[in-house]
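Visitor: Got a structure for you, entry-v9.cif, holding mmCIF, C-alpha atoms and all ligand atoms.
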data_final
loop_
_atom_site.label_atom_id
_atom_site.label_comp_id
_atom_site.auth_asym_id
_atom_site.auth_seq_id
_atom_site.Cartn_x
_atom_site.Cartn_y
_atom_site.Cartn_z
CA MET V 8 167.52 -308.78 -21.35
CA ILE V 9 164.06 -307.26 -21.12
CA LEU V 10 160.93 -309.44 -21.50
CA VAL V 11 157.37 -308.11 -21.90
CA PHE V 12 154.21 -310.14 -21.35
CA VAL V 13 151.96 -308.95 -24.18
CA GLU V 14 148.19 -309.29 -24.06
CA THR V 15 146.51 -309.67 -27.43
CA ASP V 16 143.08 -309.51 -28.98
CA ALA V 17 141.96 -310.37 -32.51
CA THR V 18 143.68 -307.28 -33.91
CA GLY V 19 147.11 -307.78 -32.27
CA ALA V 20 148.78 -306.41 -29.14
CA THR V 21 146.31 -304.46 -26.98
CA GLU V 22 146.79 -300.73 -26.46
CA VAL V 23 148.22 -300.93 -22.91
CA SER V 24 150.50 -303.78 -24.07
CA ARG V 25 151.85 -301.56 -26.85
CA GLU V 26 152.45 -298.80 -24.30
CA THR V 27 154.26 -301.33 -22.09
CA VAL V 28 156.44 -302.47 -24.99
CA THR V 29 157.27 -298.82 -25.76
CA PHE V 30 158.26 -298.33 -22.10
CA ALA V 31 160.33 -301.54 -22.14
CA ARG V 32 162.12 -300.46 -25.32
CA THR V 33 163.58 -297.43 -23.56
CA LEU V 34 164.98 -299.76 -20.87
CA ALA V 35 166.40 -302.12 -23.50
CA GLU V 36 167.98 -299.22 -25.39
CA ARG V 37 169.54 -297.83 -22.22
CA SER V 38 171.02 -301.23 -21.37
CA ASP V 39 171.97 -301.87 -25.00
CA GLY V 40 170.31 -305.28 -24.70
CA PRO V 41 167.59 -307.20 -26.56
CA LEU V 42 163.86 -306.74 -26.11
CA HIS V 43 161.73 -309.91 -26.19
CA ALA V 44 157.99 -310.47 -25.78
CA VAL V 45 155.98 -313.44 -24.54
CA ILE V 46 152.46 -314.19 -25.82
CA VAL V 47 150.32 -316.89 -24.24
CA GLY V 48 147.44 -318.66 -26.01
CA ASP V 49 146.10 -317.19 -29.24
CA ARG V 50 148.64 -315.47 -31.47
CA PRO V 51 146.92 -313.01 -33.81
CA ALA V 52 148.07 -312.80 -37.41
CA GLY V 53 150.46 -309.94 -37.99
CA VAL V 54 151.70 -309.66 -34.42
CA LEU V 55 155.30 -310.56 -35.42
CA ASP V 56 155.41 -307.53 -37.71
CA GLN V 57 153.49 -305.36 -35.25
CA LEU V 58 155.81 -306.04 -32.30
CA GLY V 59 158.88 -306.09 -34.54
CA GLY V 60 157.98 -302.51 -35.36
CA TYR V 61 158.19 -301.72 -31.65
CA GLY V 62 161.74 -303.03 -31.40
CA VAL V 63 160.92 -306.58 -30.21
CA SER V 64 163.53 -308.94 -31.68
CA GLU V 65 161.99 -312.25 -30.53
CA ILE V 66 158.51 -313.41 -29.54
CA HIS V 67 158.13 -316.43 -27.27
CA HIS V 68 154.73 -317.96 -27.96
CA ALA V 69 153.35 -320.38 -25.36
CA THR V 70 150.90 -322.88 -26.79
CA GLY V 71 149.14 -326.02 -25.54
CA ASP V 72 145.93 -327.11 -23.81
CA GLY V 73 147.00 -325.77 -20.41
CA VAL V 74 147.26 -322.19 -21.64
CA ALA V 75 144.63 -322.13 -24.40
CA ALA V 76 142.13 -320.51 -22.01
CA TYR V 77 143.13 -317.72 -19.65
CA GLY V 78 144.15 -318.62 -16.10
CA GLY V 79 146.35 -316.36 -13.98
CA ALA V 80 148.53 -319.12 -12.52
CA ALA V 81 148.78 -321.13 -15.76
CA TRP V 82 149.73 -318.08 -17.84
CA ALA V 83 152.25 -317.02 -15.20
CA ALA V 84 153.78 -320.51 -15.43
CA ALA V 85 154.15 -319.96 -19.18
CA VAL V 86 155.76 -316.55 -18.66
CA GLN V 87 158.04 -318.08 -16.02
CA ALA V 88 159.19 -320.67 -18.58
CA ALA V 89 160.05 -317.83 -20.97
CA VAL V 90 161.91 -316.02 -18.17
CA SER V 91 164.00 -319.15 -17.52
CA ALA V 92 164.72 -319.66 -21.22
CA THR V 93 165.86 -316.07 -21.73
CA ASP V 94 167.38 -315.35 -18.32
CA ALA V 95 165.45 -312.07 -18.38
CA ASP V 96 166.61 -309.30 -16.04
CA VAL V 97 163.33 -307.38 -16.14
CA VAL V 98 159.81 -308.67 -16.83
CA LEU V 99 157.11 -306.13 -17.62
CA ALA V 100 153.36 -306.61 -17.98
CA PRO V 101 150.57 -304.19 -18.90
CA GLY V 102 148.74 -302.64 -15.94
CA THR V 103 145.47 -304.34 -16.89
CA PRO V 104 143.52 -306.83 -14.75
CA ARG V 105 145.15 -309.79 -16.52
CA GLY V 106 148.58 -308.19 -16.71
CA MET V 107 148.44 -307.47 -12.97
CA GLU V 108 147.30 -311.00 -12.16
CA VAL V 109 149.94 -312.70 -14.29
CA ALA V 110 152.73 -310.45 -12.95
CA ALA V 111 151.63 -311.03 -9.34
CA HIS V 112 151.58 -314.82 -9.84
CA LEU V 113 154.98 -314.66 -11.55
CA ALA V 114 156.55 -312.57 -8.78
CA THR V 115 155.26 -315.04 -6.18
CA ARG V 116 156.57 -318.02 -8.15
CA VAL V 117 160.07 -316.60 -8.51
CA ASP V 118 159.94 -315.07 -5.01
CA VAL V 119 160.62 -311.42 -5.83
CA PRO V 120 158.67 -308.23 -5.05
CA MET V 121 156.49 -306.73 -7.77
CA ALA V 122 156.04 -303.04 -8.56
CA ALA V 123 152.55 -302.27 -9.88
CA ASN V 124 151.50 -299.23 -11.93
CA VAL V 125 154.99 -298.06 -12.81
CA VAL V 126 155.18 -294.80 -14.78
CA GLY V 127 158.93 -294.22 -14.99
CA VAL V 128 162.42 -295.44 -14.19
CA SER V 129 164.42 -293.19 -11.89
CA ASP V 130 167.65 -295.14 -11.92
CA GLY V 131 169.25 -298.25 -13.43
CA THR V 132 168.22 -300.42 -16.35
CA GLY V 133 167.69 -303.69 -14.53
CA ALA V 134 170.27 -305.29 -16.78
CA ASP V 135 173.33 -303.71 -15.20
CA GLY V 136 173.19 -305.67 -11.94
CA ALA V 137 172.36 -302.53 -9.98
CA PRO V 138 168.94 -302.18 -8.28
CA LEU V 139 166.21 -300.88 -10.55
CA ARG V 140 164.55 -297.79 -9.07
CA VAL V 141 161.07 -297.07 -10.42
CA ALA V 142 158.35 -294.47 -9.89
CA ARG V 143 154.85 -295.86 -9.54
CA GLN V 144 151.33 -294.58 -8.99
CA VAL V 145 149.71 -295.37 -5.65
CA VAL V 146 146.46 -294.28 -3.96
CA GLY V 147 144.68 -294.44 -7.28
CA GLY V 148 147.28 -292.31 -9.02
CA SER V 149 147.16 -289.35 -6.62
CA VAL V 150 150.61 -290.13 -5.16
CA LEU V 151 153.87 -291.12 -6.88
CA GLU V 152 156.03 -293.54 -4.91
CA GLU V 153 159.60 -294.57 -5.60
CA MET V 154 160.32 -298.29 -5.25
CA VAL V 155 163.61 -300.15 -5.44
CA LEU V 156 163.69 -303.58 -7.06
CA PRO V 157 167.00 -305.19 -6.05
CA GLU V 158 166.16 -308.76 -7.12
CA ARG V 159 166.38 -310.45 -10.52
CA PRO V 160 164.19 -310.65 -12.41
CA ALA V 161 162.65 -307.30 -11.57
CA VAL V 162 158.88 -307.72 -12.09
CA LEU V 163 156.67 -304.71 -12.78
CA THR V 164 153.47 -303.61 -14.44
CA VAL V 165 153.18 -300.37 -16.39
CA ALA V 166 150.19 -298.11 -15.59
CA GLY V 167 147.72 -297.83 -18.44
CA HIS V 168 147.90 -294.64 -20.54
CA ALA V 169 150.82 -293.32 -18.49
CA VAL V 170 153.18 -293.91 -21.40
CA VAL V 171 152.85 -292.86 -25.04
CA ASP V 172 152.31 -295.77 -27.47
CA GLU V 173 155.10 -295.20 -29.99
CA PRO V 174 156.21 -297.70 -32.65
CA GLY V 175 159.74 -297.59 -34.06
CA ALA V 176 161.05 -298.61 -37.48
CA PRO V 177 159.22 -301.44 -39.32
CA ALA V 178 160.75 -304.85 -38.55
CA THR V 179 159.72 -308.46 -38.03
CA ALA V 180 160.33 -310.30 -34.78
CA ALA V 181 161.60 -313.89 -34.75
CA LEU V 182 159.20 -316.52 -33.41
CA ARG V 183 159.98 -319.20 -30.81
CA GLU V 184 157.07 -321.47 -29.99
CA PHE V 185 157.08 -323.53 -26.82
CA SER V 186 154.65 -325.68 -24.82
CA PRO V 187 155.09 -325.04 -21.11
CA GLU V 188 154.31 -327.77 -18.62
CA ILE V 189 151.33 -326.66 -16.57
CA ALA V 190 150.70 -328.32 -13.19
CA GLU V 191 147.15 -329.37 -12.29
CA ALA V 192 147.22 -326.93 -9.37
CA ASP V 193 147.73 -324.05 -11.82
CA LEU V 194 144.56 -324.94 -13.68
CA VAL V 195 142.21 -324.67 -10.73
CA ALA V 196 141.15 -321.08 -11.54
CA ARG V 197 140.76 -320.53 -15.24
CA VAL V 198 138.23 -319.31 -17.78
CA VAL V 199 135.95 -322.19 -18.74
CA SER V 200 133.29 -320.28 -20.65
CA ILE V 201 132.44 -316.71 -21.60
CA GLU V 202 128.86 -315.50 -21.79
CA ALA V 203 127.80 -312.08 -22.97
CA ALA V 204 126.08 -310.06 -20.23
CA GLU V 205 122.50 -308.97 -20.88
CA ALA V 206 123.67 -305.40 -20.43
CA ASP V 207 127.24 -304.13 -20.70
CA LEU V 208 128.37 -304.36 -17.08
CA SER V 209 132.06 -303.87 -17.73
CA SER V 210 134.03 -300.77 -16.91
CA ALA V 211 136.48 -301.49 -19.76
CA ALA V 212 135.09 -298.70 -21.95
CA LEU V 213 135.46 -296.23 -19.07
CA THR V 214 139.03 -297.12 -18.15
CA SER V 215 140.28 -297.07 -21.74
CA ALA V 216 138.33 -293.99 -22.92
CA ARG V 217 140.34 -291.01 -24.17
CA VAL V 218 137.51 -288.67 -23.10
CA VAL V 219 135.39 -289.20 -19.98
CA VAL V 220 132.40 -287.07 -19.01
CA GLY V 221 131.71 -287.38 -15.28
CA ALA V 222 128.44 -286.63 -13.53
CA GLY V 223 127.82 -286.37 -9.80
CA ARG V 224 125.11 -285.36 -7.32
CA GLY V 225 124.74 -282.14 -9.30
CA ALA V 226 122.82 -284.22 -11.87
CA GLY V 227 119.95 -283.98 -9.39
CA SER V 228 118.20 -287.28 -10.05
CA ALA V 229 118.38 -290.47 -12.09
CA ASP V 230 116.87 -288.49 -14.97
CA GLY V 231 119.62 -285.87 -14.91
CA PHE V 232 122.32 -287.74 -16.89
CA ASP V 233 121.05 -287.53 -20.46
CA ALA V 234 122.99 -284.42 -21.44
CA ALA V 235 126.25 -285.69 -19.89
CA ALA V 236 125.79 -289.07 -21.63
CA GLU V 237 125.12 -287.26 -24.90
CA LEU V 238 128.26 -285.15 -24.50
CA ALA V 239 130.28 -288.34 -23.89
CA GLU V 240 128.84 -289.85 -27.04
CA LEU V 241 129.47 -286.70 -29.12
CA LEU V 242 133.12 -286.75 -28.00
CA GLY V 243 133.51 -290.48 -28.62
CA GLY V 244 134.07 -291.06 -24.90
CA ALA V 245 132.44 -292.70 -21.90
CA LEU V 246 130.24 -291.61 -19.01
CA GLY V 247 131.60 -291.93 -15.46
CA VAL V 248 129.95 -291.01 -12.17
CA SER V 249 130.68 -290.34 -8.50
CA ARG V 250 129.90 -292.75 -5.69
CA VAL V 251 126.95 -290.69 -4.45
CA VAL V 252 125.35 -291.38 -7.80
CA THR V 253 125.81 -295.15 -7.59
CA SER V 254 124.88 -295.24 -3.88
CA LEU V 255 121.61 -293.47 -4.69
CA GLY V 256 120.98 -296.03 -7.43
CA TRP V 257 120.92 -293.35 -10.13
CA ARG V 258 123.55 -295.14 -12.25
CA PRO V 259 125.19 -298.62 -12.16
CA HIS V 260 128.34 -299.24 -10.14
CA HIS V 261 130.50 -300.12 -13.16
CA GLU V 262 130.35 -296.43 -14.11
CA GLN V 263 131.83 -295.26 -10.79
CA ILE V 264 135.18 -293.47 -10.78
CA GLY V 265 137.34 -293.36 -7.68
CA GLN V 266 138.97 -295.22 -4.87
CA THR V 267 136.20 -297.83 -4.84
CA GLY V 268 135.46 -297.53 -8.54
CA SER V 269 137.51 -297.37 -11.72
CA ARG V 270 140.76 -295.48 -12.15
CA ILE V 271 140.79 -293.43 -15.33
CA SER V 272 143.61 -291.70 -17.23
CA PRO V 273 141.88 -290.05 -20.19
CA ASP V 274 143.26 -287.21 -22.26
CA VAL V 275 140.29 -285.13 -21.15
CA TYR V 276 138.04 -285.55 -18.09
CA ILE V 277 134.93 -283.35 -17.82
CA PRO V 278 133.45 -283.74 -14.31
CA CYS V 279 130.01 -282.12 -14.08
CA GLY V 280 128.43 -281.51 -10.68
CA ILE V 281 131.18 -283.48 -8.91
CA SER V 282 132.78 -281.87 -5.84
CA GLY V 283 136.12 -283.68 -6.17
CA ALA V 284 136.27 -285.50 -2.83
CA ILE V 285 139.61 -287.20 -2.24
CA GLN V 286 138.09 -290.62 -2.87
CA HIS V 287 136.86 -289.48 -6.29
CA TRP V 288 140.12 -287.67 -7.03
CA ALA V 289 141.99 -290.93 -6.37
CA GLY V 290 140.39 -292.33 -9.50
CA CYS V 291 140.83 -289.40 -11.86
CA ALA V 292 144.05 -287.64 -10.77
CA SER V 293 146.04 -288.97 -13.73
CA SER V 294 143.67 -287.40 -16.28
CA LYS V 295 145.81 -285.27 -18.58
CA THR V 296 143.39 -282.31 -18.76
CA ILE V 297 140.41 -281.67 -16.49
CA VAL V 298 137.57 -279.33 -17.45
CA ALA V 299 135.22 -279.00 -14.46
CA ILE V 300 131.62 -277.80 -14.68
CA ASN V 301 130.27 -276.82 -11.27
CA THR V 302 128.12 -274.15 -9.64
CA ASP V 303 130.66 -273.75 -6.82
CA GLU V 304 133.89 -271.98 -7.76
CA ASN V 305 135.48 -273.25 -4.54
CA ALA V 306 134.71 -276.94 -5.10
CA PRO V 307 137.97 -278.97 -4.87
CA MET V 308 137.41 -280.29 -8.39
CA VAL V 309 137.26 -276.72 -9.70
CA THR V 310 140.38 -275.60 -7.87
CA LYS V 311 142.34 -278.64 -9.15
CA ALA V 312 141.02 -278.52 -12.72
CA ASN V 313 142.98 -277.09 -15.66
CA TYR V 314 139.83 -275.29 -16.82
CA ALA V 315 136.48 -274.69 -15.18
CA VAL V 316 133.06 -273.45 -16.19
CA ILE V 317 131.14 -272.03 -13.23
CA GLY V 318 127.51 -272.73 -13.90
CA ASP V 319 124.59 -275.13 -13.77
CA MET V 320 125.43 -278.38 -15.59
CA HIS V 321 121.81 -278.56 -16.77
CA GLU V 322 122.39 -275.35 -18.71
CA VAL V 323 126.09 -275.63 -19.62
CA VAL V 324 126.19 -279.22 -20.91
CA PRO V 325 123.14 -278.97 -23.24
CA ALA V 326 124.59 -275.70 -24.59
CA VAL V 327 127.94 -277.40 -25.29
CA ASN V 328 126.16 -280.32 -26.98
CA ALA V 329 124.11 -277.96 -29.14
CA GLU V 330 127.24 -276.06 -30.19
CA ILE V 331 129.11 -279.27 -31.08
CA LYS V 332 126.15 -280.42 -33.20
CA ARG V 333 125.82 -276.98 -34.83
CA ARG V 334 129.51 -276.95 -35.79
CA ARG V 335 129.33 -280.48 -37.15
CA GLY V 336 126.30 -279.50 -39.19
C1 LIG F 401 135.70 -295.33 1.94
C2 LIG F 401 135.12 -294.39 0.91
C3 LIG F 401 135.29 -294.66 -0.41
C4 LIG F 401 134.75 -293.79 -1.37
N1 LIG F 401 134.94 -294.07 -2.71
C5 LIG F 401 134.49 -293.19 -3.61
C6 LIG F 401 134.70 -293.41 -5.01
O1 LIG F 401 135.28 -294.43 -5.43
N2 LIG F 401 134.25 -292.50 -5.88
C7 LIG F 401 133.59 -291.36 -5.49
O2 LIG F 401 133.19 -290.56 -6.35
N3 LIG F 401 133.36 -291.15 -4.18
C8 LIG F 401 133.77 -292.02 -3.25
N4 LIG F 401 133.49 -291.80 -1.94
C9 LIG F 401 132.54 -290.71 -1.59
C10 LIG F 401 133.19 -289.34 -1.57
O3 LIG F 401 133.70 -289.10 -0.28
C11 LIG F 401 132.14 -288.26 -1.89
O4 LIG F 401 131.06 -288.38 -0.98
C12 LIG F 401 131.58 -288.34 -3.31
O5 LIG F 401 132.61 -288.42 -4.25
C13 LIG F 401 130.76 -287.07 -3.58
O6 LIG F 401 130.07 -287.20 -4.78
P1 LIG F 401 129.64 -285.90 -5.59
O7 LIG F 401 130.83 -285.07 -5.87
O8 LIG F 401 128.81 -286.37 -6.73
O9 LIG F 401 128.65 -285.19 -4.57
P2 LIG F 401 128.86 -283.87 -3.65
O10 LIG F 401 130.07 -283.98 -2.83
O11 LIG F 401 127.55 -283.71 -2.98
O12 LIG F 401 129.11 -282.74 -4.71
C14 LIG F 401 128.17 -282.29 -5.63
C15 LIG F 401 128.80 -281.16 -6.43
O13 LIG F 401 127.92 -280.78 -7.44
C16 LIG F 401 127.90 -279.35 -7.49
N5 LIG F 401 126.56 -279.02 -8.06
C17 LIG F 401 125.36 -279.15 -7.48
N6 LIG F 401 124.39 -278.84 -8.35
C18 LIG F 401 125.00 -278.54 -9.51
C19 LIG F 401 124.53 -278.18 -10.80
N7 LIG F 401 123.21 -278.08 -11.08
N8 LIG F 401 125.44 -277.94 -11.77
C20 LIG F 401 126.76 -278.04 -11.53
N9 LIG F 401 127.26 -278.37 -10.32
C21 LIG F 401 126.38 -278.64 -9.33
C22 LIG F 401 128.13 -278.89 -6.10
O14 LIG F 401 128.65 -277.56 -6.07
C23 LIG F 401 129.12 -279.92 -5.60
O15 LIG F 401 130.45 -279.49 -5.87
C24 LIG F 401 134.02 -292.64 -0.96
C25 LIG F 401 133.87 -292.38 0.39
C26 LIG F 401 134.41 -293.23 1.33
C27 LIG F 401 134.24 -292.91 2.78
#
What do you get writing this file as structure tokens?

Guide:
Amino acid sequence: MILVFVETDATGATEVSRETVTFARTLAERSDGPLHAVIVGDRPAGVLDQLGGYGVSEIHHATGDGVAAYGGAAWAAAVQAAVSATDADVVLAPGTPRGMEVAAHLATRVDVPMAANVVGVSDGTGADGAPLRVARQVVGGSVLEEMVLPERPAVLTVAGHAVVDEPGAPATAALREFSPEIAEADLVARVVSIEAAEADLSSAALTSARVVVGAGRGAGSADGFDAAAELAELLGGALGVSRVVTSLGWRPHHEQIGQTGSRISPDVYIPCGISGAIQHWAGCASSKTIVAINTDENAPMVTKANYAVIGDMHEVVPAVNAEIKRRRG
């Protein structure tokens, strides 16, 4: 039996959760077993139909004061209760900050290893008693590692945007509500209030963007990012930067991509004036297509990119923006 911890927002299952359910469905199909989901806290309207359409036959919904607000340990206790009730062989969570935290707490509680950022299954289904062998991203996605999970339940998180979000036939999942017992110790760290930041300091837009325009030292100064930001906006994407840029104080840290910044997996990454140092590459290696803009044809980012424009970003990017606007009228 395969169980997925599903994160939700007001509209239903979040994007990385839907990807994780899609991934889990292939495991369930291979083992010819059921696919269940567990939701903790708020349950958005329509999620039974939404997840039913992804092949989920039953949703376990944890309710009660102890889990109403997010807390890593408390939510893991709720997921653990669902694991016990279903005798799940494999528990998957989305590779998001909360998904990672809940899965890590769960693995500790049931005393098994956890595989983070899984992108594929090399062998086994988890439900056949044999060890589950998975491939996972490490070093910010620049290296694929194979990991064997011999214990039950096998606990893993699925890397964001590494799997295609693909619903199946329309269906409705059955609902089982339960109120897990939450120990006082599990409530020590939990969300007690949420306040909007004066400015948007989150990197959420960057990590979930389908298009990212990057800008590095080649921008020249704090005033050199307007064209790259405009290109990001024209493409409905987000602006990301290199560490040199944040270290120089040209842009805020939440925009940094790399080993000590955000890891991105967009459909298209357009790094402008970024050399492609290994620490930057660690954060962008899983981009599906890279189009580099750089004056140096030998820059590592250019040699690794799928496409490259050799030229000054202060000339190339405004020209691209002007052409996009011209074509859009
Ligand atoms: C422990 C550690 C962690 C790190 N973590 C990170 C991290 O998370 N993210 C990160 O990015 N870095 C990180 N770094 C820093 C990393 O090693 C590089 O120093 C950094 O990525 C370089 O930034 P850059 O490419 O913008 O600058 P540079 O390496 O200086 O490259 C600038 C590039 O711009 C090109 N260029 C110059 N002018 C123009 C122009 N007008 N038009 C077009 N191209 C132009 C140049 O040809 C060059 O390729 C880390 C380093 C360490 C030691």

Visitor: Just checking: using only C-alpha atoms and all ligand atoms, which residue out of V:Ile66, V:Ala176, V:Val252, V:Met8 ends up closest to ligand LIG 401 (chain F)?

Guide: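 Ranking V:Ile66, V:Ala176, V:Val252, V:Met8 by distance to ligand LIG 401 (chain F), first place goes to V:Val252.
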
Visitor: Between V:Leu255, V:Val248, V:Val309, V:His260, single out the one closest to Gly290 in chain V, counting only C-alpha atoms.

Guide: V:Val248

Visitor: Show which residues sit within 6 Å of Gly73 in chain V, as a VMD selection string. Count only C-alpha atoms, and ignore same-chain residues fewer than 2 positions away.

Guide: chain V and resid 71 75 189

Visitor: So that I can check the surroundings of Leu55 in chain V, please list as a PyMOL selection string every protein, DNA and RNA residue that reaches within 12 Å of it, counting only C-alpha atoms and ignoring chain neighbours fewer than 4 positions away.

Guide: chain V and resi 13+15+19-20+43-46+50-51+59-68+177-183

Visitor: Which of these residues is nearest to Ser38 in chain V, using all atoms listed in the file: V:Ala114, V:Val327, V:Val126, V:Leu139?

Guide: V:Leu139

Visitor: Taking all atoms listed in the file into account, which of V:Arg25, V:Ala284, V:Ala84, V:Pro187 comes nearest Thr310 in chain V?

Guide: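 Looking at the shortest contact to Thr310 in chain V, the residue is V:Ala284.
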
Visitor: Could the residues that lie within 7 Å of ligand LIG 401 (chain F), counting only C-alpha atoms and all ligand atoms, be listed as a tab-separated table (two decimals) with C-alpha atoms, in the frame of the given file?

Guide:
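The file below, result05.tsv, is the result:
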chain	number	residue	atom	x	y	z
V	222	ALA	CA	128.44	-286.63	-13.53
V	223	GLY	CA	127.82	-286.37	-9.80
V	224	ARG	CA	125.11	-285.36	-7.32
V	225	GLY	CA	124.74	-282.14	-9.30
V	226	ALA	CA	122.82	-284.22	-11.87
V	227	GLY	CA	119.95	-283.98	-9.39
V	248	VAL	CA	129.95	-291.01	-12.17
V	249	SER	CA	130.68	-290.34	-8.50
V	250	ARG	CA	129.90	-292.75	-5.69
V	251	VAL	CA	126.95	-290.69	-4.45
V	252	VAL	CA	125.35	-291.38	-7.80
V	263	GLN	CA	131.83	-295.26	-10.79
V	264	ILE	CA	135.18	-293.47	-10.78
V	265	GLY	CA	137.34	-293.36	-7.68
V	266	GLN	CA	138.97	-295.22	-4.87
V	267	THR	CA	136.20	-297.83	-4.84
V	268	GLY	CA	135.46	-297.53	-8.54
V	279	CYS	CA	130.01	-282.12	-14.08
V	280	GLY	CA	128.43	-281.51	-10.68
V	281	ILE	CA	131.18	-283.48	-8.91
V	282	SER	CA	132.78	-281.87	-5.84
V	283	GLY	CA	136.12	-283.68	-6.17
V	284	ALA	CA	136.27	-285.50	-2.83
V	285	ILE	CA	139.61	-287.20	-2.24
V	286	GLN	CA	138.09	-290.62	-2.87
V	287	HIS	CA	136.86	-289.48	-6.29
V	290	GLY	CA	140.39	-292.33	-9.50
V	300	ILE	CA	131.62	-277.80	-14.68
V	301	ASN	CA	130.27	-276.82	-11.27
V	302	THR	CA	128.12	-274.15	-9.64
V	303	ASP	CA	130.66	-273.75	-6.82
V	306	ALA	CA	134.71	-276.94	-5.10
V	318	GLY	CA	127.51	-272.73	-13.90
V	319	ASP	CA	124.59	-275.13	-13.77
V	320	MET	CA	125.43	-278.38	-15.59
V	321	HIS	CA	121.81	-278.56	-16.77

Visitor: Residues within 9 Å of Ala161 in chain V, please, as a ChimeraX atom specification. Count only C-alpha atoms; anything in the same chain fewer than 5 positions from it doesn't count.

Guide: /V:95-99,114,119-122,133,138-139,156

Visitor: I'd like the interatomic distance between CA of Arg217 in chain V and CA of Arg270 in chain V, to a tenth of an Å.

Guide: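 Calculated distance between CA of Arg217 in chain V and CA of Arg270 in chain V is 12.8 Å.
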
Visitor: Near Thr103 in chain V, counting only C-alpha atoms, which residues have an atom at most 9 Å away, once you skip same-chain residues fewer than 3 positions from it, shown as an NGL selection string?

Guide: :V and (23-24 or 100 or 106-108 or 164-167)

Visitor: What lies within 12 Å of Glu240 in chain V using all atoms listed in the file, ignoring chain neighbours under 4 positions off, as a list in words?

Guide: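 Counting all atoms listed in the file, the residues come to Ala212, Ala216, Arg217, Val218, Val219, Val220, Asp233, Ala234, Ala235, Ala236, Gly244, Ala245, Leu246, Asn328, Ile331 and Lys332 of chain V.
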
Visitor: Restricting the calculation to only C-alpha atoms: of V:Cys291, V:Val146, V:Ala111, V:Val47, which residue gets closest to Ala76 in chain V?

Guide: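 Among the listed residues, the smallest separation from Ala76 in chain V belongs to V:Val47.
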
Visitor: Report, in Å with one decimal, the straight-line distance from CA of Leu58 in chain V to CA of Ala123 in chain V.

Guide: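 Computed distance, CA of Leu58 in chain V to CA of Ala123 in chain V, equals 23.0 Å.
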
Visitor: Please, which residues are within 9 Å of (161.4, -303.5, -21.7) by the file's coordinates, counting all atoms listed in the file, and could they come as a PDB file with C-alpha atoms, keeping the file's coordinate frame?

Guide:
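See result.pdb below for the written result:
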ATOM      1  CA  MET V   8     167.520-308.780 -21.350  1.00  0.00           C
ATOM      2  CA  ILE V   9     164.060-307.260 -21.120  1.00  0.00           C
ATOM      3  CA  LEU V  10     160.930-309.440 -21.500  1.00  0.00           C
ATOM      4  CA  VAL V  11     157.370-308.110 -21.900  1.00  0.00           C
ATOM      5  CA  THR V  27     154.260-301.330 -22.090  1.00  0.00           C
ATOM      6  CA  VAL V  28     156.440-302.470 -24.990  1.00  0.00           C
ATOM      7  CA  THR V  29     157.270-298.820 -25.760  1.00  0.00           C
ATOM      8  CA  PHE V  30     158.260-298.330 -22.100  1.00  0.00           C
ATOM      9  CA  ALA V  31     160.330-301.540 -22.140  1.00  0.00           C
ATOM     10  CA  ARG V  32     162.120-300.460 -25.320  1.00  0.00           C
ATOM     11  CA  THR V  33     163.580-297.430 -23.560  1.00  0.00           C
ATOM     12  CA  LEU V  34     164.980-299.760 -20.870  1.00  0.00           C
ATOM     13  CA  ALA V  35     166.400-302.120 -23.500  1.00  0.00           C
ATOM     14  CA  GLU V  36     167.980-299.220 -25.390  1.00  0.00           C
ATOM     15  CA  PRO V  41     167.590-307.200 -26.560  1.00  0.00           C
ATOM     16  CA  LEU V  42     163.860-306.740 -26.110  1.00  0.00           C
ATOM     17  CA  HIS V  43     161.730-309.910 -26.190  1.00  0.00           C
ATOM     18  CA  ALA V  44     157.990-310.470 -25.780  1.00  0.00           C
ATOM     19  CA  VAL V  97     163.330-307.380 -16.140  1.00  0.00           C
ATOM     20  CA  VAL V  98     159.810-308.670 -16.830  1.00  0.00           C
ATOM     21  CA  LEU V  99     157.110-306.130 -17.620  1.00  0.00           C
TER      22      LEU V  99
END

Visitor: Can you work out the spacing between CA of Pro259 in chain V and CA of Gly247 in chain V in Å, to one decimal?

Guide: 9.8 Å

Visitor: Calculated over only C-alpha atoms, which of the candidates V:Gly127, V:Gly79, V:Pro174, V:Gly136 has the smallest distance to Asp193 in chain V?

Guide: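 Distance minimum relative to Asp193 in chain V lands on V:Gly79.
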